[in-house]
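Structure file query.txt (compact mmCIF, C-alpha atoms) is printed below.
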# COMPACT_ATOMS: atom_id res chain seq x y z
CA MET A 1 -163.51 -192.91 -62.97
CA SER A 2 -165.89 -195.73 -63.17
CA ASP A 3 -168.10 -196.13 -66.16
CA SER A 4 -171.11 -193.99 -65.32
CA GLY A 5 -173.32 -196.50 -67.05
CA GLN A 6 -172.29 -199.13 -64.55
CA ASP A 7 -173.03 -197.43 -61.28
CA ARG A 8 -176.44 -196.24 -62.19
CA PRO A 9 -178.55 -197.19 -59.14
CA THR A 10 -181.28 -199.68 -59.64
CA PRO A 11 -184.11 -197.35 -60.42
CA ALA A 12 -187.44 -197.58 -58.65
CA HIS A 13 -188.91 -197.59 -62.11
CA PRO A 14 -186.96 -200.29 -63.89
CA HIS A 15 -188.27 -199.50 -67.36
CA TRP A 16 -188.10 -195.97 -68.52
CA PHE A 17 -187.66 -196.59 -72.19
CA ASP A 18 -189.97 -195.96 -75.08
CA ASP A 19 -193.58 -196.46 -74.09
CA GLU A 20 -192.63 -197.11 -70.50
CA ALA A 21 -191.32 -193.59 -70.17
CA GLY A 22 -194.90 -192.56 -70.62
CA PRO A 23 -196.39 -190.36 -73.27
CA VAL A 24 -196.50 -187.56 -70.74
CA VAL A 25 -192.90 -186.59 -71.19
CA ARG A 26 -192.26 -186.25 -74.86
CA PRO A 27 -195.21 -184.26 -76.13
CA TYR A 28 -194.50 -181.50 -73.66
CA ALA A 29 -191.00 -181.03 -75.02
CA MET A 30 -192.73 -179.03 -77.72
CA THR A 31 -194.11 -176.67 -75.14
CA ARG A 32 -190.74 -176.43 -73.40
CA GLY A 33 -192.20 -178.25 -70.46
CA ARG A 34 -195.16 -175.98 -69.95
CA THR A 35 -198.41 -177.78 -69.18
CA SER A 36 -200.57 -174.70 -69.01
CA HIS A 37 -200.53 -171.25 -70.42
CA PRO A 38 -200.34 -168.25 -68.12
CA GLY A 39 -203.20 -165.85 -68.34
CA GLN A 40 -205.11 -168.16 -70.60
CA HIS A 41 -208.42 -169.67 -69.66
CA ARG A 42 -208.58 -173.35 -70.22
CA LEU A 43 -209.63 -173.42 -73.83
CA ASP A 44 -212.82 -175.32 -74.43
CA LEU A 45 -212.53 -178.32 -76.72
CA ILE A 46 -214.98 -176.80 -79.18
CA ALA A 47 -213.74 -173.23 -78.93
CA LEU A 48 -212.72 -172.03 -82.37
CA VAL A 49 -209.25 -170.79 -83.20
CA VAL A 50 -209.40 -168.10 -85.88
CA ALA A 51 -206.37 -166.73 -87.72
CA GLU A 52 -205.85 -162.99 -87.62
CA THR A 53 -204.89 -161.09 -90.75
CA ALA A 54 -201.37 -160.68 -89.33
CA ALA A 55 -201.02 -164.45 -89.63
CA ASP A 56 -201.02 -164.23 -93.41
CA ASP A 57 -197.45 -162.92 -93.42
CA PRO A 58 -195.33 -165.82 -94.75
CA VAL A 59 -192.53 -164.81 -92.38
CA TRP A 60 -194.30 -166.71 -89.61
CA ASP A 61 -193.82 -170.01 -91.34
CA MET A 62 -190.08 -169.56 -90.99
CA THR A 63 -189.92 -168.11 -87.52
CA LEU A 64 -192.43 -170.26 -85.70
CA SER A 65 -191.84 -173.81 -84.54
CA PRO A 66 -193.20 -176.42 -86.96
CA GLU A 67 -196.12 -177.17 -84.61
CA HIS A 68 -197.07 -173.52 -84.23
CA ALA A 69 -196.79 -173.04 -87.98
CA HIS A 70 -198.92 -176.12 -88.57
CA ILE A 71 -201.68 -174.80 -86.33
CA LEU A 72 -201.53 -171.41 -87.99
CA GLY A 73 -201.64 -172.97 -91.44
CA LEU A 74 -204.74 -174.99 -90.58
CA CYS A 75 -206.51 -171.98 -89.10
CA ARG A 76 -205.79 -169.87 -92.17
CA GLY A 77 -207.90 -172.25 -94.19
CA ARG A 78 -210.89 -172.06 -91.89
CA PRO A 79 -211.46 -171.66 -88.16
CA GLN A 80 -210.61 -174.87 -86.31
CA SER A 81 -211.82 -176.12 -82.97
CA VAL A 82 -209.24 -176.93 -80.31
CA ALA A 83 -210.21 -180.61 -80.54
CA GLU A 84 -209.78 -180.67 -84.31
CA LEU A 85 -206.34 -179.12 -84.07
CA ALA A 86 -205.30 -181.76 -81.54
CA VAL A 87 -206.52 -184.50 -83.88
CA GLU A 88 -204.91 -182.93 -86.94
CA LEU A 89 -201.51 -182.49 -85.28
CA ASP A 90 -201.87 -185.86 -83.57
CA LEU A 91 -200.95 -184.24 -80.29
CA ALA A 92 -202.58 -184.44 -76.91
CA ILE A 93 -205.08 -181.73 -76.10
CA GLY A 94 -203.00 -180.33 -73.26
CA VAL A 95 -200.07 -179.72 -75.57
CA VAL A 96 -202.17 -178.09 -78.25
CA ARG A 97 -203.75 -175.78 -75.68
CA VAL A 98 -200.33 -174.43 -74.71
CA LEU A 99 -199.31 -173.95 -78.34
CA ILE A 100 -202.54 -172.11 -79.15
CA GLY A 101 -201.94 -169.90 -76.13
CA ASP A 102 -198.58 -168.90 -77.61
CA LEU A 103 -200.23 -167.92 -80.88
CA VAL A 104 -202.82 -165.88 -79.00
CA ASP A 105 -199.98 -164.04 -77.24
CA GLU A 106 -198.39 -163.31 -80.59
CA GLU A 107 -201.78 -161.98 -81.72
CA LEU A 108 -201.76 -164.35 -84.64
CA VAL A 109 -205.02 -166.02 -83.69
CA HIS A 110 -208.00 -165.33 -81.50
CA VAL A 111 -210.22 -167.87 -79.82
CA THR A 112 -213.99 -167.63 -79.85
CA ARG A 113 -215.96 -168.75 -76.88
CA PRO A 114 -218.55 -171.41 -77.47
CA VAL A 115 -222.01 -171.23 -75.98
CA PRO A 116 -221.52 -170.63 -72.27
CA PRO A 117 -221.97 -173.70 -70.13
CA ALA A 118 -225.34 -174.19 -68.46
CA GLU A 119 -226.89 -172.00 -71.08
CA LEU A 120 -228.59 -173.79 -73.88
CA PRO A 121 -228.47 -172.11 -77.27
CA ASP A 122 -231.51 -170.44 -78.64
CA GLU A 123 -234.46 -172.63 -79.56
CA SER A 124 -234.14 -171.42 -83.13
CA ILE A 125 -230.59 -172.77 -83.24
CA LEU A 126 -231.70 -176.12 -81.84
CA ARG A 127 -234.29 -176.30 -84.61
CA GLU A 128 -231.55 -175.59 -87.14
CA VAL A 129 -229.56 -178.46 -85.67
CA ILE A 130 -232.51 -180.83 -85.95
CA ASP A 131 -233.15 -179.77 -89.56
CA GLY A 132 -229.47 -180.12 -90.35
CA LEU A 133 -229.29 -183.60 -88.88
CA ARG A 134 -232.37 -184.75 -90.76
CA ALA A 135 -230.91 -183.43 -94.01
CA LEU A 136 -227.63 -185.31 -93.60
CA MET B 1 -231.37 -165.82 -89.19
CA ALA B 2 -231.66 -164.71 -85.63
CA PHE B 3 -228.36 -166.14 -84.52
CA GLY B 4 -227.30 -162.94 -82.85
CA ARG B 5 -223.76 -163.60 -83.94
CA SER B 6 -223.14 -160.80 -86.38
CA SER B 7 -221.60 -158.72 -83.61
CA ARG B 8 -219.15 -161.47 -82.77
CA THR B 9 -218.04 -162.06 -86.32
CA GLY B 10 -218.04 -158.31 -86.92
CA ALA B 11 -216.07 -156.20 -89.33
CA MET B 12 -212.81 -156.57 -87.45
CA HIS B 13 -212.31 -160.02 -88.84
CA ALA B 14 -213.91 -159.48 -92.17
CA VAL B 15 -211.05 -161.35 -93.81
CA SER B 16 -211.65 -164.53 -91.85
CA PRO B 17 -214.05 -167.06 -93.22
CA VAL B 18 -217.32 -167.66 -91.41
CA GLU B 19 -216.89 -168.50 -87.76
CA PRO B 20 -219.35 -171.29 -87.32
CA LEU B 21 -221.32 -171.87 -84.18
CA THR B 22 -220.02 -175.04 -82.56
CA LEU B 23 -222.08 -177.43 -80.47
CA LYS B 24 -221.40 -180.81 -78.95
CA ILE B 25 -223.21 -183.96 -78.01
CA LEU B 26 -221.66 -186.67 -75.86
CA VAL B 27 -221.90 -190.37 -76.53
CA ALA B 28 -221.55 -192.44 -73.36
CA GLY B 29 -222.02 -196.06 -72.43
CA GLY B 30 -220.10 -199.11 -71.34
CA PHE B 31 -217.09 -200.58 -73.04
CA GLY B 32 -217.86 -202.30 -76.32
CA VAL B 33 -221.43 -201.07 -76.52
CA GLY B 34 -220.90 -199.47 -79.92
CA LYS B 35 -219.97 -195.86 -79.21
CA THR B 36 -217.29 -195.80 -81.88
CA THR B 37 -219.65 -197.42 -84.36
CA LEU B 38 -222.34 -194.88 -83.60
CA VAL B 39 -220.06 -191.88 -84.05
CA SER B 40 -218.62 -193.24 -87.27
CA ALA B 41 -222.08 -193.91 -88.70
CA VAL B 42 -222.71 -190.16 -89.01
CA SER B 43 -219.32 -188.55 -89.18
CA GLU B 44 -215.73 -188.96 -90.03
CA ILE B 45 -214.14 -190.26 -86.89
CA ARG B 46 -210.72 -189.51 -85.49
CA PRO B 47 -209.15 -190.40 -82.19
CA LEU B 48 -208.61 -187.47 -79.88
CA ARG B 49 -205.85 -187.88 -77.33
CA THR B 50 -205.51 -186.46 -73.92
CA GLU B 51 -202.75 -187.27 -71.50
CA GLU B 52 -203.83 -185.24 -68.54
CA LEU B 53 -204.42 -188.17 -66.25
CA LEU B 54 -201.05 -188.05 -64.57
CA SER B 55 -201.01 -184.33 -63.97
CA GLU B 56 -204.58 -184.27 -62.72
CA PRO B 57 -206.76 -186.32 -60.43
CA GLY B 58 -205.60 -189.55 -61.99
CA ILE B 59 -202.74 -189.72 -59.54
CA GLY B 60 -203.35 -192.41 -56.98
CA ILE B 61 -206.28 -193.82 -58.86
CA ASP B 62 -204.16 -194.87 -61.72
CA ASP B 63 -202.42 -197.62 -59.80
CA THR B 64 -205.46 -199.85 -59.80
CA GLY B 65 -203.88 -202.10 -62.36
CA GLY B 66 -204.89 -200.50 -65.60
CA VAL B 67 -207.48 -201.55 -68.06
CA GLU B 68 -204.76 -201.64 -70.63
CA GLY B 69 -201.43 -202.05 -68.88
CA LYS B 70 -199.71 -199.96 -71.52
CA ASN B 71 -200.23 -196.23 -71.89
CA THR B 72 -202.47 -195.80 -68.90
CA THR B 73 -201.63 -192.12 -69.10
CA THR B 74 -203.19 -191.59 -72.48
CA VAL B 75 -206.92 -191.50 -72.94
CA ALA B 76 -208.27 -191.65 -76.43
CA MET B 77 -211.75 -190.46 -77.17
CA ASP B 78 -213.80 -190.86 -80.29
CA PHE B 79 -214.30 -187.55 -81.96
CA GLY B 80 -216.55 -186.77 -84.88
CA ARG B 81 -217.43 -183.61 -86.73
CA ILE B 82 -220.75 -183.08 -88.48
CA THR B 83 -220.96 -179.98 -90.61
CA LEU B 84 -224.64 -179.16 -90.54
CA ARG B 85 -224.13 -175.94 -92.41
CA GLU B 86 -221.23 -173.70 -93.18
CA ASP B 87 -221.97 -171.79 -90.01
CA LEU B 88 -223.18 -174.61 -87.78
CA VAL B 89 -221.01 -177.50 -86.69
CA LEU B 90 -221.87 -180.33 -84.35
CA TYR B 91 -219.12 -182.30 -82.64
CA LEU B 92 -219.59 -185.74 -81.17
CA PHE B 93 -217.41 -186.92 -78.30
CA GLY B 94 -217.34 -190.55 -77.29
CA THR B 95 -216.70 -190.40 -73.57
CA PRO B 96 -214.08 -192.76 -72.22
CA GLY B 97 -215.84 -195.72 -70.73
CA GLN B 98 -213.93 -196.24 -67.51
CA ASP B 99 -215.09 -194.62 -64.32
CA ARG B 100 -211.65 -193.34 -63.48
CA PHE B 101 -211.92 -190.82 -66.29
CA TRP B 102 -214.71 -188.87 -64.63
CA PHE B 103 -212.68 -185.69 -64.64
CA LEU B 104 -212.70 -185.81 -68.43
CA TRP B 105 -216.45 -186.08 -68.41
CA ASP B 106 -216.70 -182.86 -66.45
CA GLU B 107 -214.94 -180.99 -69.18
CA LEU B 108 -216.82 -182.77 -71.93
CA SER B 109 -220.25 -182.20 -70.45
CA GLN B 110 -219.68 -178.50 -69.91
CA GLY B 111 -221.63 -176.58 -72.49
CA SER B 112 -222.82 -179.67 -74.27
CA LEU B 113 -226.28 -179.86 -75.77
CA GLY B 114 -226.95 -183.26 -74.33
CA ALA B 115 -225.89 -186.86 -74.38
CA VAL B 116 -226.66 -190.27 -75.77
CA VAL B 117 -226.33 -193.15 -73.33
CA LEU B 118 -225.84 -196.19 -75.49
CA ALA B 119 -227.06 -199.37 -73.84
CA ASP B 120 -226.74 -203.08 -74.52
CA THR B 121 -229.60 -205.05 -73.01
CA ARG B 122 -227.23 -207.91 -72.22
CA ARG B 123 -225.17 -205.61 -70.00
CA LEU B 124 -227.50 -202.86 -68.90
CA ALA B 125 -225.57 -202.24 -65.70
CA ASP B 126 -222.69 -200.90 -67.78
CA CYS B 127 -224.56 -197.69 -68.41
CA PHE B 128 -225.74 -197.03 -64.84
CA ALA B 129 -222.73 -194.81 -64.14
CA ALA B 130 -223.37 -192.64 -67.19
CA ILE B 131 -227.06 -192.27 -66.36
CA ASP B 132 -226.28 -191.31 -62.77
CA TYR B 133 -223.76 -188.79 -63.97
CA PHE B 134 -226.05 -187.04 -66.43
CA GLU B 135 -228.96 -187.07 -63.98
CA ARG B 136 -226.83 -185.35 -61.35
CA ARG B 137 -225.58 -182.79 -63.85
CA GLN B 138 -229.09 -182.27 -65.20
CA LEU B 139 -227.69 -182.74 -68.66
CA PRO B 140 -230.39 -183.79 -71.11
CA PHE B 141 -229.84 -187.36 -72.26
CA VAL B 142 -231.62 -190.11 -74.13
CA VAL B 143 -231.03 -193.81 -73.69
CA ALA B 144 -230.43 -195.53 -77.02
CA VAL B 145 -230.64 -199.29 -76.90
CA ASN B 146 -228.27 -200.71 -79.47
CA CYS B 147 -230.11 -203.64 -80.97
CA PHE B 148 -227.29 -206.08 -81.51
CA ASP B 149 -227.86 -209.07 -83.72
CA GLY B 150 -228.53 -212.02 -81.51
CA ALA B 151 -229.44 -210.01 -78.45
CA ASP B 152 -232.94 -210.44 -77.14
CA HIS B 153 -235.08 -207.50 -78.05
CA HIS B 154 -236.71 -206.17 -74.95
CA PRO B 155 -239.59 -203.77 -75.08
CA VAL B 156 -238.74 -200.17 -74.25
CA VAL B 157 -240.90 -200.34 -71.13
CA THR B 158 -238.80 -203.14 -69.70
CA VAL B 159 -235.57 -201.27 -70.36
CA ARG B 160 -237.00 -198.12 -68.83
CA GLU B 161 -238.00 -200.00 -65.70
CA ALA B 162 -234.69 -201.80 -65.43
CA LEU B 163 -232.85 -198.49 -65.62
CA ASP B 164 -235.27 -196.74 -63.28
CA LEU B 165 -235.46 -193.76 -65.60
CA ASP B 166 -237.43 -190.61 -65.00
CA PRO B 167 -240.55 -190.68 -67.15
CA GLU B 168 -239.43 -187.81 -69.38
CA VAL B 169 -236.17 -189.48 -70.42
CA PRO B 170 -236.63 -190.85 -73.94
CA VAL B 171 -235.67 -194.47 -74.59
CA LEU B 172 -235.00 -195.25 -78.25
CA LEU B 173 -234.13 -198.45 -80.03
CA CYS B 174 -231.35 -198.03 -82.52
CA ASP B 175 -228.81 -199.71 -84.71
CA ALA B 176 -225.49 -197.97 -84.12
CA ARG B 177 -224.26 -199.06 -87.54
CA ASP B 178 -227.13 -197.43 -89.37
CA ARG B 179 -226.79 -193.80 -90.34
CA GLU B 180 -230.52 -193.07 -90.40
CA SER B 181 -230.99 -194.72 -87.05
CA VAL B 182 -228.17 -192.71 -85.49
CA LYS B 183 -229.53 -189.50 -87.00
CA ASP B 184 -232.83 -190.25 -85.26
CA VAL B 185 -231.03 -190.73 -81.97
CA LEU B 186 -229.20 -187.42 -82.28
CA VAL B 187 -232.38 -185.63 -83.28
CA GLY B 188 -233.92 -187.24 -80.18
CA VAL B 189 -231.22 -185.70 -77.97
CA VAL B 190 -231.76 -182.21 -79.39
CA GLU B 191 -235.55 -182.49 -79.16
CA HIS B 192 -235.29 -183.65 -75.59
CA ALA B 193 -232.91 -180.80 -74.72
CA MET B 194 -235.36 -178.41 -76.32
CA SER B 195 -238.37 -179.67 -74.41
CA LEU B 196 -236.46 -179.67 -71.11
CA ALA B 197 -235.36 -176.08 -71.72
CA ARG B 198 -238.93 -175.12 -72.50
CA ALA B 199 -240.22 -176.80 -69.35
CA ARG B 200 -237.54 -175.07 -67.30
CA ARG B 201 -238.45 -171.69 -68.74
CA GLN B 202 -242.11 -172.28 -68.03
CA SER B 203 -241.48 -173.25 -64.44
CA LEU B 204 -239.39 -170.11 -64.04
CA THR B 205 -242.12 -167.85 -65.36
CA ALA B 206 -244.70 -169.69 -63.29
CA GLY B 207 -242.58 -169.12 -60.21
CA THR B 208 -242.45 -165.36 -60.54
Would you kindly transcribe this structure into structure tokens?
Amino acid sequence: MSDSGQDRPTPAHPHWFDDEAGPVVRPYAMTRGRTSHPGQHRLDLIALVVAETAADDPVWDMTLSPEHAHILGLCRGRPQSVAELAVELDLAIGVVRVLIGDLVDEELVHVTRPVPPAELPDESILREVIDGLRAL
Amino acid sequence: MAFGRSSRTGAMHAVSPVEPLTLKILVAGGFGVGKTTLVSAVSEIRPLRTEELLSEPGIGIDDTGGVEGKNTTTVAMDFGRITLREDLVLYLFGTPGQDRFWFLWDELSQGSLGAVVLADTRRLADCFAAIDYFERRQLPFVVAVNCFDGADHHPVVTVREALDLDPEVPVLLCDARDRESVKDVLVGVVEHAMSLARARRQSLTAGT
């Protein structure tokens, strides 16, 4: 029995430690390796995640993974966009999309669709935006 | 308020707080032109991470000897939130500057109100790619010339000519550090989007 550490072949990638291993690997451990969510449209960055009333049950905080519980906790306060959740959890968007998909499956949150692409919102809304910006 | 959203926020979710309408504006331009400064002048700014490069079209392109040798698989974007009203939220996304992140732009530009192309007159060519992109996508955009200290101030006409812009594209002078100035730029984007939409509607009705 030789020491298994010794006969490790020279890897094609000599450095697979820390940053060199790439940030791709570790974040997706949280999603158990899933990079997309079945049956889930790619969630828009500004789609809003809204907590359902079922989410208020404190039991979820104990049964869900910390990341799922974190998302749910944030959404209970007020609806959060997908991008905001990614920023808040300090996770990559792809990871957060999968986690949100899980919560949708559990019927703990629903996701609103933003204004459909290629369709500008109403002129009255655009005026509201202009007024809002001026008033900042 | 004729938002037509009461059906969406209907009684089923009466417990939930208001579901605001969310909109986005993109901020594009070359590296170091002041995109981060511009976003932070009007909103709290946070970095938004995406790592999709390796799993998506980044493969093969990514070998070109990265811009930053480390973490070539992570792209960070500037991300700002402006709460205009309780029920109306505008998000700003600073698009990653390098060309190899085009696939991210596709997602970002989808459903966006419009874009700011931030330009530095000392390096105008840096924003050609962004202008081309938005022209092809027919996404409303304004060119905002960031008036850096020490940079020569060129008249708008000269910039417009140098960029070969369509006559309807607004060119604004701005100071990306100045909140009022940035507000004007954003208002400019929305106004431009509005007038383009109006023109499009008119041409549609004229056509029938």
Which of these residues is nearest to chain A, using all atoms listed in the file: B:Leu48, B:Leu204, B:Ile25, B:Val157?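 Of B:Leu48, B:Leu204, B:Ile25, B:Val157, the one nearest chain A, counting all atoms listed in the file, is B:Leu48.
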Which protein, DNA or RNA residues are at most 7 Å from (-205.0, -166.4, -87.9) in the file's coordinates when you count all atoms listed in the file, listed as a PyMOL selection string? chain A and resi 50-55+72+75-76+108-109
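Closest approach to chain B among A:Thr63, A:Ala69, A:Gly101, A:Ile46: A:Ile46, based on all atoms listed in the file.
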Residues of chain B within 6 Å of chain A, using all atoms listed in the file, as a VMD selection string? chain B and resid 48 to 50 84 110 to 111 187
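Every protein, DNA or RNA residue with an atom at most 8 Å from Ile45 of chain B, where only C-alpha atoms count and chain neighbours fewer than 3 positions away do not, is listed here: Val39, Ser40, Asp78, Phe79, Gly80 and Arg81 of chain B.
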Excluding segment 27-29 of chain B and residues on its chain fewer than 6 positions from it, collect all residues at most 6 Å away from it, counting all atoms listed in the file, and give them as number ranges by chain. B: 93-95, 115-118, 127
Straight-line distance linking atom CA of Val142 of chain B with atom CA of Arg179 of chain B, stated in Å to one decimal: 17.3 Å
Please give the centre and size of the box around segment 90-94 of chain A (axis-aligned, containing every atom listed in the file, 6 Å added per side), with values in Å to one decimal and written as AutoDock Vina command-line options.
--center_x -203.0 --center_y -183.1 --center_z -78.4 --size_x 16.1 --size_y 17.5 --size_z 22.3
How many Å lie between atom CA of Arg46 of chain B and atom CA of Val89 of chain B, rounded to one decimal? 15.9 Å
Atom CA of Pro170 of chain B and atom CA of Ile82 of chain B are how many Å apart?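 A separation of 22.9 Å between them.
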